[in-house]
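structure-v1.cif, holding mmCIF, C-alpha atoms:
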```cif
data_my_file
#
loop_
_atom_site.label_atom_id
_atom_site.label_comp_id
_atom_site.auth_asym_id
_atom_site.auth_seq_id
_atom_site.Cartn_x
_atom_site.Cartn_y
_atom_site.Cartn_z
CA MET A 1 -11.77 -4.40 11.29
CA ASN A 2 -11.87 -2.07 8.30
CA VAL A 3 -13.43 -3.55 5.16
CA LEU A 4 -13.46 -2.35 1.55
CA LEU A 5 -16.34 -3.42 -0.69
CA ILE A 6 -15.79 -3.17 -4.45
CA GLY A 7 -18.76 -2.26 -6.65
CA SER A 8 -21.66 0.12 -7.17
CA GLY A 9 -24.79 -1.87 -8.00
CA GLY A 10 -27.81 -3.33 -6.26
CA ARG A 11 -25.85 -6.43 -5.31
CA GLU A 12 -23.24 -4.30 -3.57
CA HIS A 13 -25.86 -2.21 -1.78
CA ALA A 14 -27.41 -5.42 -0.40
CA LEU A 15 -23.98 -6.71 0.65
CA ALA A 16 -23.10 -3.37 2.25
CA TRP A 17 -26.42 -3.30 4.12
CA LYS A 18 -25.69 -6.74 5.55
CA LEU A 19 -21.97 -6.21 6.22
CA ALA A 20 -22.76 -3.01 8.14
CA LYS A 21 -24.65 -5.09 10.71
CA SER A 22 -21.58 -7.19 11.63
CA PRO A 23 -20.12 -6.69 15.14
CA LEU A 24 -16.72 -7.48 13.61
CA LEU A 25 -16.83 -4.32 11.49
CA THR A 26 -15.11 -1.07 12.41
CA THR A 27 -15.42 0.94 9.19
CA LEU A 28 -16.96 -0.07 5.86
CA TYR A 29 -15.66 1.61 2.71
CA CYS A 30 -17.11 1.11 -0.76
CA ALA A 31 -15.54 1.90 -4.11
CA PRO A 32 -17.16 3.56 -5.92
CA GLY A 33 -20.53 2.93 -4.23
CA ASN A 34 -23.83 4.71 -4.90
CA PRO A 35 -26.22 6.99 -2.96
CA GLY A 36 -27.89 4.05 -1.24
CA ILE A 37 -24.61 2.50 -0.18
CA ALA A 38 -23.53 5.90 1.16
CA GLU A 39 -26.15 5.51 3.90
CA VAL A 40 -24.26 2.54 5.42
CA ALA A 41 -20.67 2.97 4.18
CA THR A 42 -18.10 5.58 3.27
CA CYS A 43 -17.99 5.77 -0.53
CA VAL A 44 -14.61 6.48 -2.09
CA ALA A 45 -13.74 7.47 -5.65
CA ILE A 46 -11.21 4.77 -6.52
CA ASP A 47 -10.71 3.40 -10.03
CA ILE A 48 -11.31 -0.28 -9.30
CA SER A 49 -9.42 -1.28 -12.45
CA ASP A 50 -6.31 0.35 -10.92
CA HIS A 51 -5.13 -2.53 -8.76
CA ALA A 52 -2.18 -0.60 -7.37
CA GLY A 53 -4.54 2.21 -6.40
CA VAL A 54 -6.83 -0.20 -4.56
CA VAL A 55 -3.85 -1.66 -2.69
CA ALA A 56 -2.60 1.82 -1.81
CA PHE A 57 -6.02 2.75 -0.41
CA CYS A 58 -6.04 -0.39 1.73
CA ARG A 59 -2.64 0.55 3.14
CA GLU A 60 -3.70 4.15 3.79
CA LYS A 61 -6.95 3.25 5.58
CA ASP A 62 -5.71 0.10 7.32
CA VAL A 63 -8.17 -2.07 5.39
CA SER A 64 -7.60 -5.70 6.34
CA PHE A 65 -10.33 -7.35 4.22
CA VAL A 66 -11.63 -6.65 0.72
CA VAL A 67 -14.94 -7.95 -0.68
CA VAL A 68 -15.12 -7.92 -4.48
CA GLY A 69 -18.72 -7.67 -5.70
CA PRO A 70 -18.79 -7.64 -9.53
CA GLU A 71 -17.32 -10.13 -11.97
CA GLY A 72 -15.18 -7.68 -13.97
CA PRO A 73 -12.52 -7.05 -11.29
CA LEU A 74 -12.45 -10.78 -10.45
CA VAL A 75 -11.82 -11.82 -14.05
CA GLY A 76 -9.36 -8.92 -14.28
CA GLY A 77 -7.25 -10.30 -11.42
CA LEU A 78 -7.87 -7.82 -8.60
CA THR A 79 -7.74 -10.55 -5.97
CA ASP A 80 -4.37 -11.71 -7.32
CA ALA A 81 -3.01 -8.21 -6.74
CA LEU A 82 -4.43 -8.20 -3.21
CA ALA A 83 -3.02 -11.65 -2.47
CA GLY A 84 0.39 -10.51 -3.69
CA GLU A 85 0.31 -7.76 -1.06
CA GLY A 86 -0.93 -10.03 1.71
CA ILE A 87 -4.38 -8.42 1.89
CA ALA A 88 -7.17 -10.86 2.79
CA HIS A 89 -10.12 -10.86 0.42
CA PHE A 90 -13.38 -12.53 -0.59
CA GLY A 91 -13.46 -13.62 -4.22
CA PRO A 92 -11.67 -16.08 -6.50
CA SER A 93 -8.35 -15.64 -8.27
CA ARG A 94 -8.21 -14.63 -11.94
CA LYS A 95 -7.69 -18.24 -13.03
CA ALA A 96 -10.53 -19.54 -10.88
CA ALA A 97 -12.77 -16.73 -12.17
CA MET A 98 -12.50 -18.31 -15.62
CA LEU A 99 -15.59 -20.28 -14.59
CA GLU A 100 -17.49 -17.10 -15.44
CA GLY A 101 -14.94 -15.39 -17.66
CA SER A 102 -15.25 -18.07 -20.34
CA LYS A 103 -18.37 -20.14 -20.93
CA GLY A 104 -16.33 -22.44 -23.15
CA TYR A 105 -13.85 -23.08 -20.33
CA THR A 106 -16.69 -24.14 -18.03
CA LYS A 107 -18.34 -26.33 -20.65
CA ASP A 108 -15.04 -28.12 -21.27
CA LEU A 109 -14.57 -28.66 -17.53
CA CYS A 110 -18.09 -30.11 -17.27
CA ARG A 111 -17.45 -32.50 -20.15
CA GLU A 112 -14.13 -33.62 -18.66
CA HIS A 113 -15.64 -34.35 -15.23
CA GLY A 114 -19.10 -35.62 -16.18
CA ILE A 115 -20.95 -32.65 -14.72
CA PRO A 116 -24.49 -32.54 -16.19
CA THR A 117 -24.95 -29.67 -18.63
CA ALA A 118 -26.30 -29.03 -22.13
CA ALA A 119 -24.57 -30.49 -25.19
CA TYR A 120 -22.53 -27.80 -26.92
CA GLY A 121 -20.04 -26.68 -29.53
CA ARG A 122 -17.34 -24.03 -29.05
CA PHE A 123 -16.27 -21.88 -32.00
CA ALA A 124 -13.80 -19.14 -32.86
CA ASP A 125 -15.29 -18.28 -36.28
CA ALA A 126 -18.78 -17.83 -37.68
CA GLU A 127 -18.53 -20.40 -40.49
CA ALA A 128 -17.75 -23.28 -38.15
CA ALA A 129 -20.51 -22.23 -35.75
CA LYS A 130 -23.06 -22.06 -38.57
CA ALA A 131 -21.98 -25.46 -39.90
CA TYR A 132 -22.65 -26.92 -36.45
CA LEU A 133 -26.24 -25.66 -36.63
CA ALA A 134 -26.98 -28.06 -39.51
CA THR A 135 -26.76 -31.01 -37.09
CA GLN A 136 -28.80 -29.48 -34.27
CA ARG A 137 -32.42 -29.17 -33.15
CA PHE A 138 -34.17 -25.86 -32.55
CA PRO A 139 -34.63 -23.84 -30.46
CA ILE A 140 -30.94 -23.55 -29.70
CA VAL A 141 -28.90 -21.21 -27.49
CA VAL A 142 -26.12 -18.93 -28.77
CA LYS A 143 -23.82 -17.42 -26.15
CA ALA A 144 -20.96 -14.95 -26.27
CA ASP A 145 -18.08 -16.73 -24.54
CA GLY A 146 -16.98 -13.87 -22.27
CA LEU A 147 -18.52 -11.34 -19.89
CA ALA A 148 -21.52 -9.58 -21.41
CA ALA A 149 -23.41 -8.25 -18.35
CA GLY A 150 -26.04 -10.97 -18.59
CA LYS A 151 -27.04 -9.97 -22.13
CA GLY A 152 -24.84 -12.14 -24.35
CA VAL A 153 -27.35 -15.00 -24.64
CA VAL A 154 -29.84 -15.53 -27.47
CA ILE A 155 -32.43 -18.31 -27.58
CA ALA A 156 -32.90 -18.84 -31.32
CA GLY A 157 -36.08 -20.49 -32.53
CA SER A 158 -34.79 -21.14 -36.04
CA ARG A 159 -31.56 -21.60 -37.94
CA SER A 160 -31.78 -18.11 -39.42
CA GLU A 161 -32.17 -16.57 -35.95
CA ALA A 162 -29.21 -18.57 -34.69
CA GLU A 163 -27.07 -17.46 -37.65
CA GLU A 164 -28.02 -13.82 -36.97
CA ALA A 165 -26.99 -14.22 -33.33
CA ILE A 166 -23.66 -15.79 -34.35
CA ASP A 167 -23.00 -12.96 -36.82
CA ALA A 168 -23.85 -10.37 -34.15
CA CYS A 169 -21.36 -11.90 -31.73
CA PHE A 170 -18.51 -11.95 -34.21
CA ALA A 171 -19.43 -8.45 -35.46
CA GLY A 172 -18.75 -7.08 -31.99
CA ALA A 173 -22.26 -6.73 -30.52
CA PHE A 174 -20.83 -7.81 -27.16
CA GLY A 175 -17.32 -6.48 -27.60
CA ALA A 176 -14.46 -8.78 -26.70
CA ALA A 177 -16.94 -11.15 -25.03
CA GLY A 178 -18.06 -12.31 -28.48
CA ALA A 179 -14.62 -13.21 -29.82
CA GLU A 180 -15.64 -16.82 -29.26
CA VAL A 181 -19.13 -18.34 -29.32
CA VAL A 182 -20.71 -21.29 -27.53
CA VAL A 183 -23.71 -22.91 -29.23
CA GLU A 184 -25.60 -25.24 -26.95
CA GLU A 185 -28.65 -27.42 -26.61
CA PHE A 186 -31.82 -25.75 -25.37
CA LEU A 187 -32.73 -27.25 -22.01
CA GLU A 188 -36.37 -27.58 -20.99
CA GLY A 189 -37.46 -27.25 -17.38
CA GLU A 190 -37.52 -24.62 -14.63
CA GLU A 191 -34.57 -22.35 -13.91
CA ALA A 192 -33.18 -21.81 -10.44
CA SER A 193 -30.26 -19.97 -8.86
CA PHE A 194 -28.08 -21.89 -6.42
CA PHE A 195 -25.32 -20.38 -4.31
CA ALA A 196 -22.55 -22.02 -2.31
CA LEU A 197 -19.61 -20.65 -0.35
CA CYS A 198 -16.34 -22.39 -1.26
CA ASP A 199 -13.00 -22.13 0.54
CA GLY A 200 -10.99 -24.05 -2.05
CA GLN A 201 -11.92 -27.43 -0.61
CA ASN A 202 -15.03 -27.21 1.57
CA VAL A 203 -18.44 -26.19 0.25
CA LEU A 204 -21.34 -24.68 2.21
CA ALA A 205 -24.73 -24.43 0.50
CA MET A 206 -26.66 -21.18 0.79
CA ALA A 207 -30.38 -20.53 0.30
CA SER A 208 -31.98 -21.00 -3.12
CA ALA A 209 -33.54 -18.30 -5.28
CA GLN A 210 -35.18 -17.85 -8.63
CA ASP A 211 -34.87 -14.81 -10.85
CA HIS A 212 -36.80 -13.46 -13.82
CA LYS A 213 -34.43 -12.80 -16.72
CA ARG A 214 -36.86 -11.62 -19.39
CA VAL A 215 -37.86 -7.99 -19.56
CA GLY A 216 -41.60 -8.62 -20.10
CA GLU A 217 -44.51 -10.06 -18.16
CA ALA A 218 -44.85 -13.87 -18.20
CA ASP A 219 -41.11 -14.12 -18.92
CA THR A 220 -41.30 -12.72 -22.45
CA GLY A 221 -39.03 -10.43 -24.43
CA PRO A 222 -35.24 -10.10 -24.43
CA ASN A 223 -32.96 -11.28 -21.64
CA THR A 224 -31.81 -8.77 -19.04
CA GLY A 225 -29.53 -8.84 -16.05
CA GLY A 226 -32.64 -9.75 -14.03
CA MET A 227 -36.01 -8.05 -13.46
CA GLY A 228 -36.72 -9.55 -10.05
CA ALA A 229 -36.14 -12.56 -7.82
CA TYR A 230 -37.48 -14.43 -4.83
CA SER A 231 -36.22 -16.87 -2.22
CA PRO A 232 -36.64 -19.70 -1.47
CA ALA A 233 -37.35 -21.34 -4.84
CA PRO A 234 -39.94 -24.12 -4.36
CA VAL A 235 -38.35 -26.17 -7.16
CA MET A 236 -35.18 -26.51 -5.04
CA THR A 237 -36.39 -29.21 -2.67
CA PRO A 238 -33.94 -30.72 -0.16
CA ASP A 239 -33.43 -33.64 -2.55
CA MET A 240 -32.75 -31.31 -5.49
CA ILE A 241 -30.28 -29.29 -3.39
CA GLU A 242 -28.37 -32.44 -2.46
CA ARG A 243 -28.32 -33.61 -6.10
CA THR A 244 -26.99 -30.20 -7.14
CA MET A 245 -24.26 -30.34 -4.53
CA ALA A 246 -23.32 -33.96 -5.31
CA ASP A 247 -23.50 -33.85 -9.11
CA ILE A 248 -22.51 -30.26 -9.93
CA VAL A 249 -21.00 -28.08 -7.21
CA ARG A 250 -18.73 -30.47 -5.32
CA PRO A 251 -17.26 -32.03 -8.52
CA THR A 252 -16.55 -28.52 -9.84
CA VAL A 253 -14.75 -27.44 -6.67
CA ALA A 254 -12.75 -30.68 -6.67
CA ALA A 255 -11.86 -30.23 -10.36
CA MET A 256 -10.68 -26.66 -9.81
CA ALA A 257 -8.51 -27.75 -6.87
CA ALA A 258 -7.01 -30.57 -8.97
CA ARG A 259 -6.13 -28.04 -11.68
CA GLY A 260 -4.18 -25.98 -9.17
CA THR A 261 -6.73 -23.16 -9.32
CA PRO A 262 -8.77 -23.68 -6.13
CA PHE A 263 -12.03 -21.75 -6.06
CA LYS A 264 -12.51 -19.45 -3.05
CA GLY A 265 -15.57 -17.25 -2.83
CA VAL A 266 -19.21 -17.71 -3.74
CA LEU A 267 -20.08 -20.04 -6.60
CA PHE A 268 -23.36 -19.16 -8.28
CA ALA A 269 -24.79 -22.01 -10.36
CA GLY A 270 -27.49 -21.10 -12.85
CA LEU A 271 -29.49 -24.32 -13.08
CA MET A 272 -32.17 -25.86 -15.25
CA ILE A 273 -34.25 -28.38 -13.33
CA THR A 274 -35.07 -30.89 -16.05
CA ALA A 275 -36.96 -34.18 -16.05
CA ASP A 276 -33.55 -35.84 -15.55
CA GLY A 277 -32.59 -33.63 -12.63
CA PRO A 278 -30.48 -30.46 -12.29
CA LYS A 279 -28.24 -29.41 -15.16
CA LEU A 280 -25.77 -26.52 -15.17
CA ILE A 281 -26.61 -23.63 -17.47
CA GLU A 282 -23.61 -21.54 -16.45
CA TYR A 283 -21.50 -20.46 -13.49
CA ASN A 284 -21.01 -17.02 -12.04
CA VAL A 285 -18.16 -16.41 -9.62
CA ARG A 286 -19.88 -13.78 -7.50
CA PHE A 287 -23.25 -13.17 -5.90
CA GLY A 288 -26.16 -12.73 -8.32
CA ASP A 289 -28.07 -9.56 -8.94
CA PRO A 290 -30.96 -9.36 -8.02
CA GLU A 291 -30.73 -12.65 -6.08
CA THR A 292 -28.38 -11.13 -3.49
CA GLN A 293 -31.07 -8.69 -2.44
CA VAL A 294 -33.43 -11.49 -1.36
CA LEU A 295 -30.69 -13.68 0.12
CA MET A 296 -29.41 -10.89 2.36
CA LEU A 297 -32.92 -10.23 3.72
CA ARG A 298 -33.21 -13.91 4.71
CA LEU A 299 -29.68 -14.45 6.05
CA LYS A 300 -29.62 -14.45 9.86
CA SER A 301 -25.90 -15.18 10.22
CA ASP A 302 -23.08 -12.63 10.20
CA LEU A 303 -22.13 -12.19 6.53
CA LEU A 304 -18.68 -10.82 7.33
CA ALA A 305 -17.90 -13.81 9.55
CA ALA A 306 -19.00 -16.16 6.76
CA MET A 307 -16.78 -14.38 4.26
CA LEU A 308 -13.81 -14.48 6.62
CA ALA A 309 -14.34 -18.22 7.12
CA THR A 310 -14.42 -18.67 3.35
CA ALA A 311 -11.21 -16.71 2.84
CA GLY A 312 -9.55 -18.51 5.76
CA GLY A 313 -10.36 -22.01 4.53
CA VAL A 314 -12.41 -23.02 7.59
CA LEU A 315 -15.90 -23.50 6.17
CA ASP A 316 -15.91 -27.06 7.50
CA SER A 317 -16.46 -25.57 10.97
CA PHE A 318 -18.99 -22.92 9.90
CA ASP A 319 -22.74 -22.91 9.38
CA LEU A 320 -25.35 -20.45 8.12
CA GLN A 321 -28.74 -19.68 9.63
CA TRP A 322 -31.66 -18.54 7.45
CA SER A 323 -35.00 -16.95 8.25
CA ASP A 324 -38.06 -19.06 7.50
CA ASP A 325 -39.57 -15.98 5.86
CA ALA A 326 -39.62 -15.56 2.11
CA ALA A 327 -38.16 -12.54 0.34
CA LEU A 328 -38.97 -11.00 -3.04
CA THR A 329 -37.42 -8.15 -5.01
CA VAL A 330 -38.80 -6.18 -7.94
CA VAL A 331 -36.37 -4.34 -10.22
CA PHE A 332 -37.44 -0.82 -11.18
CA ALA A 333 -35.68 -0.15 -14.49
CA ALA A 334 -35.25 2.95 -16.64
CA GLU A 335 -37.18 3.38 -19.86
CA GLY A 336 -35.20 1.89 -22.74
CA TYR A 337 -33.68 -0.98 -20.75
CA PRO A 338 -32.30 -3.52 -21.73
CA GLY A 339 -31.35 -1.28 -24.64
CA THR A 340 -30.18 2.28 -24.04
CA PRO A 341 -31.71 3.47 -20.76
CA LYS A 342 -32.92 7.02 -20.25
CA LYS A 343 -30.80 8.67 -17.56
CA GLY A 344 -31.24 11.73 -15.39
CA THR A 345 -34.94 11.39 -14.51
CA GLU A 346 -35.78 12.19 -10.90
CA ILE A 347 -37.02 9.55 -8.46
CA ARG A 348 -39.25 10.56 -5.53
CA GLY A 349 -41.05 8.72 -2.75
CA LEU A 350 -38.24 6.42 -1.64
CA GLU A 351 -38.67 7.18 2.06
CA ALA A 352 -42.42 6.54 1.90
CA ALA A 353 -41.79 3.22 0.20
CA ARG A 354 -39.13 2.18 2.69
CA ALA A 355 -41.44 2.99 5.61
CA ILE A 356 -43.46 -0.18 4.92
CA GLU A 357 -42.58 -2.93 7.39
CA GLY A 358 -40.17 -5.51 6.01
CA VAL A 359 -39.16 -3.41 2.98
CA GLU A 360 -35.64 -2.41 1.93
CA ILE A 361 -34.82 -0.46 -1.21
CA PHE A 362 -31.45 -1.19 -2.77
CA HIS A 363 -29.97 1.30 -5.20
CA ALA A 364 -28.53 -0.18 -8.38
CA GLY A 365 -28.18 2.66 -10.89
CA THR A 366 -28.72 5.99 -9.15
CA LYS A 367 -26.77 9.14 -8.43
CA ALA A 368 -27.34 12.15 -6.20
CA VAL A 369 -27.67 15.52 -7.95
CA ASP A 370 -28.33 18.67 -5.91
CA GLY A 371 -30.04 16.69 -3.16
CA ARG A 372 -32.17 14.72 -5.61
CA ILE A 373 -31.91 11.03 -6.57
CA VAL A 374 -31.87 10.50 -10.33
CA ALA A 375 -31.63 7.47 -12.59
CA ASP A 376 -28.11 6.68 -13.79
CA GLY A 377 -28.35 3.20 -15.29
CA GLY A 378 -30.59 0.48 -16.66
CA ARG A 379 -31.63 -1.40 -13.54
CA VAL A 380 -32.05 1.48 -11.11
CA LEU A 381 -33.72 0.20 -7.92
CA ALA A 382 -34.44 -3.18 -6.33
CA VAL A 383 -37.54 -2.87 -4.17
CA THR A 384 -37.23 -5.78 -1.76
CA ALA A 385 -39.53 -7.18 0.93
CA ARG A 386 -39.77 -10.01 3.45
CA GLY A 387 -42.98 -11.84 4.28
CA ARG A 388 -44.23 -15.06 5.81
CA THR A 389 -44.75 -16.44 2.29
CA VAL A 390 -43.72 -15.43 -1.22
CA ALA A 391 -47.23 -14.03 -1.68
CA ASP A 392 -46.86 -11.87 1.43
CA ALA A 393 -43.43 -10.61 0.33
CA GLN A 394 -44.78 -9.91 -3.15
CA ALA A 395 -47.69 -7.88 -1.78
CA ARG A 396 -45.36 -5.76 0.36
CA ALA A 397 -42.90 -5.18 -2.48
CA TYR A 398 -45.60 -3.94 -4.84
CA GLN A 399 -47.19 -1.84 -2.10
CA ALA A 400 -43.79 -0.16 -1.71
CA ILE A 401 -43.14 0.24 -5.41
CA ASP A 402 -46.52 1.93 -5.85
CA ARG A 403 -45.36 4.65 -3.44
CA ILE A 404 -42.38 5.52 -5.64
CA ASP A 405 -42.95 8.46 -7.96
CA TRP A 406 -40.82 7.83 -11.02
CA PRO A 407 -42.52 8.29 -14.41
CA GLY A 408 -39.23 7.45 -16.13
CA GLY A 409 -39.18 3.87 -14.89
CA PHE A 410 -40.97 0.57 -15.46
CA PHE A 411 -41.21 -2.81 -13.73
CA ARG A 412 -42.87 -6.20 -14.06
CA ARG A 413 -46.04 -6.88 -12.09
CA ASP A 414 -45.63 -10.67 -11.99
CA ILE A 415 -42.39 -11.30 -10.09
CA GLY A 416 -42.75 -14.54 -8.15
CA TRP A 417 -45.48 -16.01 -10.37
CA ARG A 418 -43.93 -19.47 -10.51
CA ALA A 419 -43.87 -19.77 -6.72
CA LEU A 420 -47.48 -18.60 -6.48
CA VAL A 421 -48.60 -21.13 -9.10
#
```
Serialized structure, structure tokens:
Amino acid sequence: MNVLLIGSGGREHALAWKLAKSPLLTTLYCAPGNPGIAEVATCVAIDISDHAGVVAFCREKDVSFVVVGPEGPLVGGLTDALAGEGIAHFGPSRKAAMLEGSKGYTKDLCREHGIPTAAYGRFADAEAAKAYLATQRFPIVVKADGLAAGKGVVIAGSRSEAEEAIDACFAGAFGAAGAEVVVEEFLEGEEASFFALCDGQNVLAMASAQDHKRVGEADTGPNTGGMGAYSPAPVMTPDMIERTMADIVRPTVAAMAARGTPFKGVLFAGLMITADGPKLIEYNVRFGDPETQVLMLRLKSDLLAAMLATAGGVLDSFDLQWSDDAALTVVFAAEGYPGTPKKGTEIRGLEAARAIEGVEIFHAGTKAVDGRIVADGGRVLAVTARGRTVADAQARAYQAIDRIDWPGGFFRRDIGWRALV
């Protein structure tokens, strides 16, 4: 079958790498793709916000299945357009994607159904949000309600910092995403990423992972889209996985079905493992980045078959097999990230790095210029490795990254430190 993958980042490169191995696949297209994806798929210059154009391409190339990688097209309703034309797809509808499109929507759903999460307030103006602060403890978390590429979250240590974050949101620091603000309790514990395939009714747990959001060593500095990740996450014991499924994921899927907006796709729960058990920080309605890179290295099953089972509503008769190996990825980012990244600097040594056993390099923000690979984004590469343990995978990943010649980039040297401790 012919498949179209939507997206251009490291997540999509990892998905393309795995989809390309499926015996069910005839041709894999990717829109718009990147130089790494071009090694395993045919990249096509389609405007993914032009839903009619995407549908027309599917008709022209006899594409029978579309995989939507990033959150923007999902929240924008691309899958609704595909469904209207009878084109099978992986990813939730626009209404179901509200679980990521609006943090306030998700918090309200959690409160209605008793799903454990942080206490919160939801506000459409700065004065009301600031008044709420007077009754709260610090630190506290201020979030832009909408999509902000993983950057619309501020952990404020004082009331003045929280007020500054609220003002920034309403002043347009995160564009339309900050038109509404969620102010919530600061949860203490260890974060984890949990993924489950959902077909609208049935839920199938995937492997666990843990990412490193902060830009600096020892998890310091501003939040980013993610500076690295590893799988499995030791904090996600079998008991904790079952509690997460029973208390958070299954009730959410049931609630969405009861609302008439069944969730089909991958549900990504950002968790805080507290002294009282798992609590939901937020939902994403697509695979995580950079968690996807480590999950795909550990997944033994056919990803395309799993996605087709999800779209077809038959997950109750499907299972996933995972390697016992660990996987770890280190994000190589451009100078200036998470602010304004420096673009256009040349990257060398990728083949030497990829020659190390168990290593894959996923492109996230690159472009090809006159036969050279140059930086074209903030998070540019995800240097990913498998190993018998997290320590083994970490050693291989850093051995590979040290072979890359890119003076214009930086990375953290401590990815995986929690697992090693």
Handout entry: Nearest-residue call for A:Arg403, choices A:Met245, A:Val359, A:Val369, A:Leu350, using all atoms listed in the file
Key = A:Leu350
Handout entry: Computed interatomic separation between atom CA of A:Leu304 and atom CA of A:Phe332 (Å)
Key =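 About the pair atom CA of A:Leu304 and atom CA of A:Phe332: they are 28.2 Å apart.
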Exercise for the section: To verify the selection step, state as a ChimeraX atom specification which residues the PyMOL selection byres ((chain A and resi 393) around 10) yields on this input. Expected result: /A:230-231,325-329,358-359,384-392,394-399,416
Exercise for the section: Rank nothing, just name the residue among A:Leu24, A:Leu303, A:Val383, A:Ala177 nearest to A:Gly72, using only C-alpha atoms. Expected result: A:Ala177
Exercise for the section: Could you please determine the separation between atom CA of A:Gly91 and atom CA of A:Met272 in Å, to one decimal place? Expected result: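 Interatomic distance, atom CA of A:Gly91 to atom CA of A:Met272: 24.9 Å.
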Exercise for the section: Evaluate the PyMOL selection byres ((chain A and resi 311) around 10) here and jot the selected residues down as a PyMOL selection string. Expected result: chain A and resi 65+88-92+197-200+264-265+305-310+312-315
Practice task
Run the PyMOL selection byres ((chain A and resi 30) around 8) on the file and write out the hits as a ChimeraX atom specification.
Solution key: /A:4-8,28-29,31-33,37,41-44
Exercise for the section: Using only C-alpha atoms, find the one residue out of A:Thr135, A:Thr252, A:Asn223, A:Thr79 that sits nearest to A:Cys110. Expected result: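 With only C-alpha atoms as the atom set, the closest residue is A:Thr252.
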Problem - Pairwise distance for atom CA of A:Ala171 and atom CA of A:Gly378, rounded to one decimal in Å - result: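 Pair atom CA of A:Ala171 / atom CA of A:Gly378 returns 23.6 Å.
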Exercise for the section: Would you mind listing what lies within 7 Å of A:Ile281 as number ranges by chain, with all atoms listed in the file counted and same-chain residues fewer than 3 positions away left out? Expected result: A: 117, 270-272
Handout entry: Long-range neighbours of A:Arg111 as a list of chain:residue names, 12 Å cut-off, only C-alpha atoms, 3 positions minimum in chain
Key =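 Answer for this query is A:Gly104, A:Tyr105, A:Thr106, A:Lys107, A:Asp108, A:Gly114, A:Ile115, A:Pro116, A:Thr117, A:Ala118, A:Ala119, A:Tyr120, A:Gly121, A:Ile248, A:Pro251, A:Thr252, A:Ala255, A:Leu280.
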